[in-house]
Structure formats: structure tokens, C-alpha cells
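Just below is one structure, and these are the notes that go with it.
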Amino acid sequence: MSLAPEKKQHTIKVWSFQDVLLELYRYAPGPAESLPKHSHAEYQFCLSLDFPGEYYYRGTYYAVPVSSLSIIHPGEVHSARDVEDRQNCATFRTLYASVALLETIAAEIAGHQTSLPFFANPIILDRSLARLFLDFHLAVETSTSKLEQESLLLHVLTQLTTQYADAKASERSVGREQNCVRQAREYLEDNLAQNVSLEQLAQVVNLSPYHLHRVFCSEIGLPPHQYQTQVRIARAKRLLSQGLSIRQVSIETGFADQSHFTRHFKRLMQVTPGRYRSQNGKSE
């Protein structure tokens, strides 16, 4: 007697981070499906990774191409459907951001209390923004540093709002901000092994997390978490040249684990820590 092949199931993986909820959808191969009309209390941002779809939203049908970001406003009734049968798995990553969080970001951008951001076009084709969105999703999924997770969240929501919503950036004086950025850099350098959060760093220099992130990027050319990573890698190079083991170096420089350290080291140095160590006359 032959058994019918096992039907593949859809899977959903969920994380929460501060004021946002993250979901990873993997729909199994199969016939085209649709979701009924529904709404969310939060802003919904969704990245279509490998399969096209379609939304019905605000009285219009919108094609959702692969690699596009789609945006649904809070309280807006919408539906979604596949435009063709799924020959392979279809993967989507979503981010649900609270109204309060987008309200805060819009106010910081404008320099005063303002209305909620409105995204006139619900479909965005922007390769660099999609990459940034995915980087944040992966950072939370893989438990990277608090500073990296928080910086990426602010960065992606700020870029979305400033580039594609009706919020306008204000002109602000940078008088004492240069000094605040210097203090923030020094704090990261002095505490390179600590899992410093953006909130903690902002308290040190007496700025809001959003404002610190913005002026740090403007002054240094990098967000705080990337600066922290560079400081850590610079320290790691010295420790590796002194003969410390890769595991010990990853601990002393504050990386989550050895694989996390290796990934960042190779990205910046183009060689693994092991090769760097052996090329400098050290061996395990």
C-alpha cells in the first residue's frame, strides 16, 4: 500500500523587540491562496523576498513584486492574495510598529509634534532600504548586540519616514552635538566589551536615542553600532597578534559568540580571524 505524500505546512516564526513585532512567514509550495479582509492596529511593513503577491488596499489593487517593501497604515482594511501557484516556498518578513513609535520618529524628524506619517505609495522598490530592513530582521533573529538592533530599527524606520512619508526634517543647530558625539565615541571605546544599548548611550550624553543616532551618523558617517564594531575589530586585531585564542578574543571584545565575531571580522578584514592570526605568526 502506498502512502500519500505528506503535505507541507506553512510556518510562522515570531519575535518581539521593544515596540515592534517581527514575523517570518514561509508558505509551502501549493495552489494560490488569499487572505480575507482584515486590519491591524499598528503600521505593517512587509518585505517580499522571493514570491510576488497582490494587495487590495484603500480601494485599489497593488502588485507586490519580489524585493519590494509594502506598507499598510493602522486601521486600514486590506486583503492579500497570491498571483500564481507557489512552485517553491514563498518567504515574507513583516514588521509591526506601534503608532506611538512612528509618532515619536515623525516628531523627531520634524523637530516638533506633528501628525502621523502618511505613506502615499504603499509599495516601495528600494534595494538599499530592503537590505536595511532585512539586516534589522536578521539582527533580532540572531541576537546581535543591543546597540546594533536598536540602531538598525531607528535607521530603517527613519529612512522609511524621511524618504517615503510626508514628514520633513528640521534644521537644527549642531552646537553642542559635536561634543555629545565625541562623548558617545569615547564611551563606546572605553566600554567596547559591554552590550551597550542606544538608550544607555543616549543617557550618557543627555540626548534622545533618535537625536543621538541622527547626529552620530551625520558627524561620523556611521551609525553607532557600526562604529562600535570597528572599535571591537581594531582591539581584536591587537589581541590576535598577541597570541590570544579566537574564542578568548571574541569574549574580550564583546561579541555574542565566536561565529558572530568571525562574521564581522571577515566582513571588515576580508580574511577570517584564524587566517589573520596564522599570517601574523600565531597558531592555535
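By convention in this document, the chains of the C-alpha cells carry letters A, B, ... by their order, each chain's residues are numbered from 1, and ligands are numbered from 1 in the order they are shown.
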
**Request:** From region 52-101 of chain A, collect each residue whose DSSP state is strand (DSSP E) and return the set as a list in words.
**Result:** Gly53, Glu54, Tyr55, Tyr56, Tyr57, Thr60, Tyr61, Tyr62, Ala63, Val64, Leu69, Ser70, Ile71, Ile72, His78, Ser79, Ala80, Arg81, Asp82, Ala90, Thr91, Phe92, Arg93, Thr94, Leu95, Tyr96 and Ala97 of chain A

With N, CA and C atoms retained, write the just-selected residues as a tab-separated table (two decimals), in the first residue's frame.
chain	number	residue	atom	x	y	z
A	53	GLY	N	3.07	39.03	-4.96
A	53	GLY	CA	1.72	38.97	-4.41
A	53	GLY	C	0.90	40.16	-4.87
A	54	GLU	N	-0.24	40.33	-4.23
A	54	GLU	CA	-1.11	41.46	-4.56
A	54	GLU	C	-1.91	41.86	-3.33
A	55	TYR	N	-2.02	43.16	-3.09
A	55	TYR	CA	-2.85	43.71	-2.02
A	55	TYR	C	-4.07	44.39	-2.62
A	56	TYR	N	-5.19	44.31	-1.90
A	56	TYR	CA	-6.31	45.21	-2.14
A	56	TYR	C	-6.34	46.15	-0.94
A	57	TYR	N	-6.15	47.44	-1.19
A	57	TYR	CA	-5.89	48.39	-0.10
A	57	TYR	C	-6.37	49.78	-0.52
A	60	THR	N	-7.88	50.07	-4.07
A	60	THR	CA	-7.04	49.82	-5.25
A	60	THR	C	-6.29	48.50	-5.10
A	61	TYR	N	-6.08	47.80	-6.22
A	61	TYR	CA	-5.24	46.61	-6.23
A	61	TYR	C	-3.78	47.03	-6.50
A	62	TYR	N	-2.87	46.53	-5.68
A	62	TYR	CA	-1.45	46.87	-5.83
A	62	TYR	C	-0.64	45.59	-6.02
A	63	ALA	N	0.14	45.53	-7.09
A	63	ALA	CA	1.09	44.43	-7.26
A	63	ALA	C	2.21	44.57	-6.24
A	64	VAL	N	2.62	43.44	-5.65
A	64	VAL	CA	3.70	43.42	-4.67
A	64	VAL	C	4.84	42.59	-5.25
A	69	LEU	N	9.08	46.47	-0.55
A	69	LEU	CA	8.54	46.71	0.78
A	69	LEU	C	7.13	47.25	0.61
A	70	SER	N	6.19	46.68	1.35
A	70	SER	CA	4.82	47.18	1.31
A	70	SER	C	4.45	47.76	2.67
A	71	ILE	N	3.55	48.74	2.67
A	71	ILE	CA	3.18	49.46	3.89
A	71	ILE	C	1.66	49.51	3.99
A	72	ILE	N	1.14	49.10	5.14
A	72	ILE	CA	-0.28	49.21	5.42
A	72	ILE	C	-0.45	50.08	6.66
A	78	HIS	N	-7.64	45.65	4.55
A	78	HIS	CA	-6.95	45.22	3.33
A	78	HIS	C	-7.05	43.71	3.20
A	79	SER	N	-6.73	43.20	2.03
A	79	SER	CA	-6.65	41.76	1.81
A	79	SER	C	-5.43	41.49	0.95
A	80	ALA	N	-5.02	40.24	0.91
A	80	ALA	CA	-3.83	39.88	0.15
A	80	ALA	C	-4.07	38.54	-0.55
A	81	ARG	N	-3.39	38.37	-1.69
A	81	ARG	CA	-3.53	37.08	-2.40
A	81	ARG	C	-2.29	36.80	-3.21
A	82	ASP	N	-2.08	35.51	-3.49
A	82	ASP	CA	-1.04	35.10	-4.43
A	82	ASP	C	-1.53	35.39	-5.85
A	90	ALA	N	7.41	30.37	-0.45
A	90	ALA	CA	7.29	31.83	-0.53
A	90	ALA	C	7.61	32.41	0.84
A	91	THR	N	8.52	33.39	0.86
A	91	THR	CA	9.02	33.90	2.13
A	91	THR	C	8.76	35.40	2.25
A	92	PHE	N	8.22	35.80	3.40
A	92	PHE	CA	7.93	37.20	3.68
A	92	PHE	C	8.38	37.52	5.10
A	93	ARG	N	8.90	38.72	5.28
A	93	ARG	CA	9.26	39.19	6.62
A	93	ARG	C	8.47	40.46	6.91
A	94	THR	N	7.80	40.49	8.06
A	94	THR	CA	6.97	41.64	8.41
A	94	THR	C	7.46	42.30	9.70
A	95	LEU	N	7.15	43.57	9.80
A	95	LEU	CA	7.44	44.36	10.99
A	95	LEU	C	6.19	45.17	11.32
A	96	TYR	N	5.69	45.01	12.54
A	96	TYR	CA	4.54	45.78	13.01
A	96	TYR	C	5.04	46.81	14.01
A	97	ALA	N	4.92	48.08	13.66
A	97	ALA	CA	5.41	49.17	14.50
A	97	ALA	C	4.24	49.93	15.09

**Request:** Find the residues around Gln9 (chain A) up to 9 Å (only C-alpha atoms counted), leave out those fewer than 5 positions away in its own chain, and share them as a list in words.
**Result:**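 Near neighbours after the sequence-gap exclusion: Arg26, Tyr27, Ala28 and Pro29 of chain A.
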
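For Arg86 (chain A), the non-local neighbours within 7 Å, defined as residues at least 2 positions apart in the same chain or in other chains and counting only C-alpha atoms, are Pro29, Gly30, Pro31, Ala32, Glu84, Asn88, Cys89 and Ala90 of chain A.
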
Just-selected residues, all heavy atoms written as a compact mmCIF listing (two decimals), in the first residue's frame:
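Result went into result-v2.txt, see below:
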# COMPACT_ATOMS: atom_id res chain seq x y z
N PRO A 29 5.00 25.23 -0.92
CA PRO A 29 4.52 25.17 -2.30
C PRO A 29 3.07 24.69 -2.35
O PRO A 29 2.65 23.86 -1.53
CB PRO A 29 5.46 24.17 -2.95
CG PRO A 29 6.71 24.22 -2.11
CD PRO A 29 6.23 24.46 -0.72
N GLY A 30 2.32 25.22 -3.30
CA GLY A 30 0.91 24.81 -3.41
C GLY A 30 0.13 25.78 -4.27
O GLY A 30 0.68 26.73 -4.85
N PRO A 31 -1.17 25.56 -4.36
CA PRO A 31 -2.01 26.44 -5.17
C PRO A 31 -2.10 27.84 -4.57
O PRO A 31 -1.92 28.02 -3.36
CB PRO A 31 -3.38 25.74 -5.15
CG PRO A 31 -3.36 24.90 -3.91
CD PRO A 31 -1.94 24.47 -3.73
N ALA A 32 -2.40 28.81 -5.41
CA ALA A 32 -2.52 30.20 -4.96
C ALA A 32 -3.58 30.32 -3.88
O ALA A 32 -4.63 29.67 -3.94
CB ALA A 32 -2.86 31.10 -6.14
N GLU A 84 -0.16 33.69 -8.40
CA GLU A 84 0.09 32.46 -9.14
C GLU A 84 0.33 31.35 -8.12
O GLU A 84 0.51 31.60 -6.93
CB GLU A 84 1.31 32.60 -10.06
CG GLU A 84 2.58 32.97 -9.31
CD GLU A 84 3.75 33.30 -10.22
OE1 GLU A 84 3.59 34.20 -11.07
OE2 GLU A 84 4.82 32.65 -10.07
N ASN A 88 7.64 26.96 -5.37
CA ASN A 88 8.62 26.82 -4.30
C ASN A 88 8.09 27.55 -3.07
O ASN A 88 7.02 28.18 -3.11
CB ASN A 88 9.97 27.42 -4.72
CG ASN A 88 10.54 26.75 -5.95
OD1 ASN A 88 10.86 25.57 -5.93
ND2 ASN A 88 10.65 27.50 -7.04
N CYS A 89 8.84 27.49 -1.97
CA CYS A 89 8.42 28.21 -0.76
C CYS A 89 8.37 29.71 -1.03
O CYS A 89 9.21 30.24 -1.77
CB CYS A 89 9.39 27.93 0.38
SG CYS A 89 9.15 26.32 1.16
N ALA A 90 7.41 30.37 -0.45
CA ALA A 90 7.29 31.83 -0.53
C ALA A 90 7.61 32.41 0.84
O ALA A 90 7.06 31.96 1.85
CB ALA A 90 5.88 32.22 -0.95

**Prompt:** Please, what distance in Å, to one decimal, runs between CA of His225 (chain A) and CA of His213 (chain A)?
**Reply:** 9.6 Å

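The coordinates place CA of Leu160 (chain A) at 16.2 Å from CA of Pro223 (chain A).
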
**Request:** Please identify all polymer residues within 8 Å of Pro224 (chain A), counting only C-alpha atoms, omitting same-chain residues fewer than 2 positions from it, and present them as a VMD selection string.
**Result:** chain A and resid 147 to 148 151 213 216 to 217 222 226 to 228

**Item:** Given only C-alpha atoms as the counted atoms, nearest of A:Gly75, A:Pro52, A:Gly254, A:Gly111 to Lys37 (chain A)
**Value:** A:Gly75

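Minimum distance to Ser241 (chain A) across A:His260, A:Arg267, A:Arg275, A:Arg127 (counting only C-alpha atoms) occurs at A:Arg275.
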